[in-house]
Every structure is written in structure tokens, then in C-alpha cells.
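Notes follow the structure.
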Amino acid sequence: MSGHSKWHSIRHKKGAADAKRGKLFSRLSKEISVCARDGGGDIKVNNRLRTVVQAARTANMPADNIERAIKKGTGELPGVTYEELLYEGYGPVGVAVMVRVLTDNKNRAAAEIRHIFDKRGGNLAGPGAVAWMFEQKGLITVDKEKIAEESLFNLALEAGAEDFKSEADVFEIYAGVAEFEEVKTALEDAGIECSEAEITQIPTTEVKVEEADAGKVLALINALEDHEDVQNVYANFDIPDEVLEALED
């Protein structure tokens, strides 16, 4: 999971910058609308919607924007109909990549995602090509300043978490999809503020990327992340910390 953890830290910083440009709010609005469309607009009974709304609040998304996105999803307000798609492919040096998209134009999205792969040394593949290299898990992150490690570790494991990691600035808690809500609720009931909580894809195998190729891999990932229809990018690279830090600067 180390490659995922490193990239997750970069995504967290990138998300803060995206919020300033309004890109994060746009992605969250889409996600909220789709969750409300699929499971209803009541966050008390729609767990997926509740998780996304909490993420939106953490990102300081205005309450009016959240409410409007919910109503667009339930049909109370007119809105765009988004289709959820998953693209799979390979990046430079054989890194496996999955791209989750919400789009109102499937043909345009497919062409543009393919172009990004081709332009940056990758190639788009068919369904199932790389999905077997990932495992769906719940991931919850808590800022280290919020709680002592031992207290959080014990609480998370008692609630049903599978794994616990201490990263640079955050603790990461991993749970099965079925246990995710229970673990998140246990933390919330204990008054612990989660900086992020999501169902994500964790690589079960990783590709070690040398310094000479790291920039190429991250260029592809960043280009995909910057596409307006892309909600999530998952990749199974393992790049040394010092190389990642140098590329961030």
C-alpha cells in the first residue's frame, strides 16, 4: 500500500490547491448529485451521500452548493445526467492505472482519456486489464494533531478496521467496504474529525519506478487528475519518498 499512501499525500495537497481554483467543488458537486440520484437525498439513510457531503464540508464547500447538488440529483432542480465509467490502462514502465469518470458525454470522455494516455507514454486497455491488481477498501485519514496514535489505533481496530498506518502528517485507517461505515461512525461518535473518508482502490502489487521514469509516471497521473470529468485516479507505482518530494518542489 506504500505507493498508494505516497500518492494519496500528494493528492491531498493537490486537492487543497484545486479547491482554490474551484475544481474540487465541481468534482464534489458531480459526486453528490450522482449519490443523491442513486440512493436518495437523505444523508441519514444514504451512507454514500453522507460520506461525500462530509468531504464537501471538510473542503469548505458552501452549504448552498451542497444543497443544490443534492436537489439536482433527486430531480428537484434541473441538472445534467452524469454517467459513471471506469477506464483501465498502463502508464510508463508498465504502471497499472484506473480512471473513474463522471461525464455527460461518454464518447468525448473516452477520446480525451485515450489521448492523455497516448500523449504521455501510456496506453488505454480493455475492461478488466488492470482491475485485478487493485482491491476496493475504505480509507479514513485523521490529522496527527487531532489524536494520539495509540488511542486512534485501539479505537479503529475495535470498530473493525483491517490496517493502520502512520504517514507524514496523517494516520491512515483501512477497512473492508462492508465495515467502512461502522469504523467511520465509531470515530465520529468519539468526536474524532476525519480529514478524508472514502471508498478507494488499493494496489495489491506495485511497480517500482526509478528516478529517471518517475516524472513521466506522475505527468500522466497529473494530466488525468486535471481532466474535468475525472473523479479518481488509482495507480500501483512505488516511487522513493525523496524522489516524490523533489518532484513536488
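Going through the C-alpha cells in order, the chains are called A, B, and so on, while each chain numbers its residues from 1 and the ligands are numbered from 1 in the order shown.
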Original post:
Using only C-alpha atoms, which residues sit within 7 Å of range 178-190 of chain A once same-chain residues fewer than 5 positions away are excluded, as number ranges by chain?
Top reply: A: 138, 156, 159-161
**OP:** For range 205-211 of chain A, work out the shell of residues within 7 Å, counting only C-alpha atoms and skipping chain neighbours fewer than 3 positions away, then give it as an NGL selection string.
**Re:** :A and (95 or 133 or 214 or 236-239 or 243)
Using only C-alpha atoms, which residues of range 8-90 of chain A come within 12 Å of range 112-115 of chain A, and what is the closest atom pair for each, with the distance in Å to one decimal? Give it as a Markdown table, sorted by chain and residue number.
| residue | atom | partner | partner_atom | distance |
| --- | --- | --- | --- | --- |
| A:Leu85 | CA | A:Ile113 | CA | 11.4 |
| A:Leu86 | CA | A:Ile113 | CA | 10.8 |
| A:Tyr87 | CA | A:Ile113 | CA | 8.2 |
| A:Glu88 | CA | A:Arg114 | CA | 10.1 |
| A:Gly89 | CA | A:Arg114 | CA | 9.1 |
| A:Tyr90 | CA | A:Arg114 | CA | 11.0 |
Using DSSP on the backbone coordinates, identify all residues within range 5-209 of chain A classified as strand (DSSP E); present the result as a compact mmCIF listing (two decimals) with C-alpha atoms, in the first residue's frame.
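Ended up saving to out_38.txt:
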# COMPACT_ATOMS: atom_id res chain seq x y z
CA GLU A 83 -22.69 8.52 -16.44
CA GLU A 84 -20.14 6.72 -14.26
CA LEU A 85 -17.34 4.99 -16.19
CA LEU A 86 -14.11 3.20 -15.32
CA TYR A 87 -11.15 3.22 -17.72
CA GLU A 88 -8.15 0.93 -17.33
CA GLY A 89 -4.72 1.20 -18.85
CA TYR A 90 -0.97 1.24 -18.43
CA ALA A 96 -1.30 -0.01 -13.87
CA VAL A 97 -3.80 2.86 -13.91
CA MET A 98 -7.56 3.01 -13.31
CA VAL A 99 -9.53 6.17 -14.00
CA ARG A 100 -13.02 6.77 -12.61
CA VAL A 101 -15.04 9.25 -14.63
CA LEU A 102 -18.38 11.03 -14.27
CA THR A 103 -19.36 12.51 -17.62
CA ASN A 123 -1.98 3.10 -23.43
CA LEU A 124 -5.65 2.54 -22.69
CA ALA A 125 -6.66 -1.11 -22.24
CA PHE A 134 -6.41 -3.50 -7.04
CA GLU A 135 -8.64 -4.18 -4.06
CA GLN A 136 -11.53 -1.95 -3.04
CA LYS A 137 -11.13 -0.67 0.53
CA GLY A 138 -12.42 2.04 2.80
CA LEU A 139 -9.78 4.63 3.67
CA ILE A 140 -10.07 7.14 6.51
CA THR A 141 -7.39 9.71 7.30
CA VAL A 142 -7.02 11.65 10.54
CA ASP A 143 -4.59 14.52 11.07
CA ASP A 163 -4.97 -1.92 8.83
CA PHE A 164 -3.47 1.23 10.35
CA LYS A 165 -0.57 3.32 9.03
CA SER A 166 1.31 6.36 10.28
CA VAL A 170 -1.80 11.80 8.98
CA PHE A 171 -2.87 8.42 10.29
CA GLU A 172 -4.44 6.18 7.67
CA ILE A 173 -7.10 3.63 8.62
CA TYR A 174 -8.09 0.90 6.17
CA ALA A 175 -11.31 -1.08 6.40
CA GLU A 196 -10.91 12.28 4.48
CA ALA A 197 -13.10 9.20 4.27
CA GLU A 198 -13.67 7.35 1.01
CA ILE A 199 -14.02 4.02 -0.72
CA THR A 200 -10.89 3.70 -2.82
CA GLN A 201 -8.79 1.20 -4.78
CA ILE A 202 -5.64 -0.11 -3.09
CA PRO A 203 -2.98 -1.79 -5.25
CA VAL A 207 5.70 -1.39 -9.83
CA LYS A 208 8.95 0.09 -8.57
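Taking only C-alpha atoms, the non-local environment of Glu31 in chain A within 10 Å (same-chain residues fewer than 6 positions away omitted) comprises Phe25, Arg37, Arg48, Leu49, Val52, Val53, Ala56, Ala69, Ile70, Gly73, Tyr82, Glu84, Leu102 and Gln231 of chain A.
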Output C-alpha atoms for every residue in the selection just made, as an mmCIF file, in the first residue's frame.
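Now in selection-v9.cif:
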data_model
loop_
_atom_site.group_PDB
_atom_site.id
_atom_site.type_symbol
_atom_site.label_atom_id
_atom_site.label_comp_id
_atom_site.auth_asym_id
_atom_site.auth_seq_id
_atom_site.Cartn_x
_atom_site.Cartn_y
_atom_site.Cartn_z
ATOM 1 C CA PHE A 25 -16.009 21.851 -5.736
ATOM 2 C CA ARG A 37 -29.678 10.206 -7.784
ATOM 3 C CA ARG A 48 -22.512 7.114 0.304
ATOM 4 C CA LEU A 49 -24.098 10.565 0.056
ATOM 5 C CA VAL A 52 -19.375 12.776 0.150
ATOM 6 C CA VAL A 53 -21.265 15.598 1.869
ATOM 7 C CA ALA A 56 -17.512 18.635 0.837
ATOM 8 C CA ALA A 69 -26.166 19.438 -5.953
ATOM 9 C CA ILE A 70 -28.422 17.128 -3.907
ATOM 10 C CA GLY A 73 -29.503 14.579 -8.205
ATOM 11 C CA TYR A 82 -23.819 12.006 -15.470
ATOM 12 C CA GLU A 84 -20.143 6.725 -14.265
ATOM 13 C CA LEU A 102 -18.385 11.029 -14.270
ATOM 14 C CA GLN A 231 -13.131 11.902 -10.256
#
Original post:
Any idea what the distance is between CA of Arg27 in chain A and CA of Asn232 in chain A?
Top reply: 9.6 Å
Original post:
Among range 23-185 of chain A, which ones does DSSP place in alpha helix (DSSP H), written as a ChimeraX atom specification?
Top reply: /A:23-39,47-58,63-74,106-119,149-159,177-185
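Nearest to Asp118 in chain A of all the residues A:Leu244, A:Ala223, A:Val130, A:Met61 is A:Ala223, counting only C-alpha atoms.
Here CA of Pro240 in chain A stands at a distance of 21.6 Å from CA of Leu224 in chain A.
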Could you give me, as a Markdown table, a per-residue list for range 29-128 of chain A showing, wherever an atom lies at most 9 Å from an atom of range 215-221 of chain A, the closest pair of atoms and their distance in Å to one decimal, using only C-alpha atoms and sorting by chain then residue number from low to high?
| residue | atom | partner | partner_atom | distance |
| --- | --- | --- | --- | --- |
| A:Gly91 | CA | A:Val217 | CA | 6.4 |
| A:Pro92 | CA | A:Val217 | CA | 5.7 |
| A:Val93 | CA | A:Val217 | CA | 8.1 |
| A:Val95 | CA | A:Val217 | CA | 7.7 |
| A:Val97 | CA | A:Ile221 | CA | 8.4 |
| A:Ile116 | CA | A:Leu220 | CA | 7.2 |
| A:Phe117 | CA | A:Leu220 | CA | 6.8 |
| A:Lys119 | CA | A:Leu220 | CA | 8.5 |
| A:Arg120 | CA | A:Leu220 | CA | 5.6 |
| A:Gly121 | CA | A:Lys216 | CA | 7.6 |
| A:Gly122 | CA | A:Leu220 | CA | 7.8 |
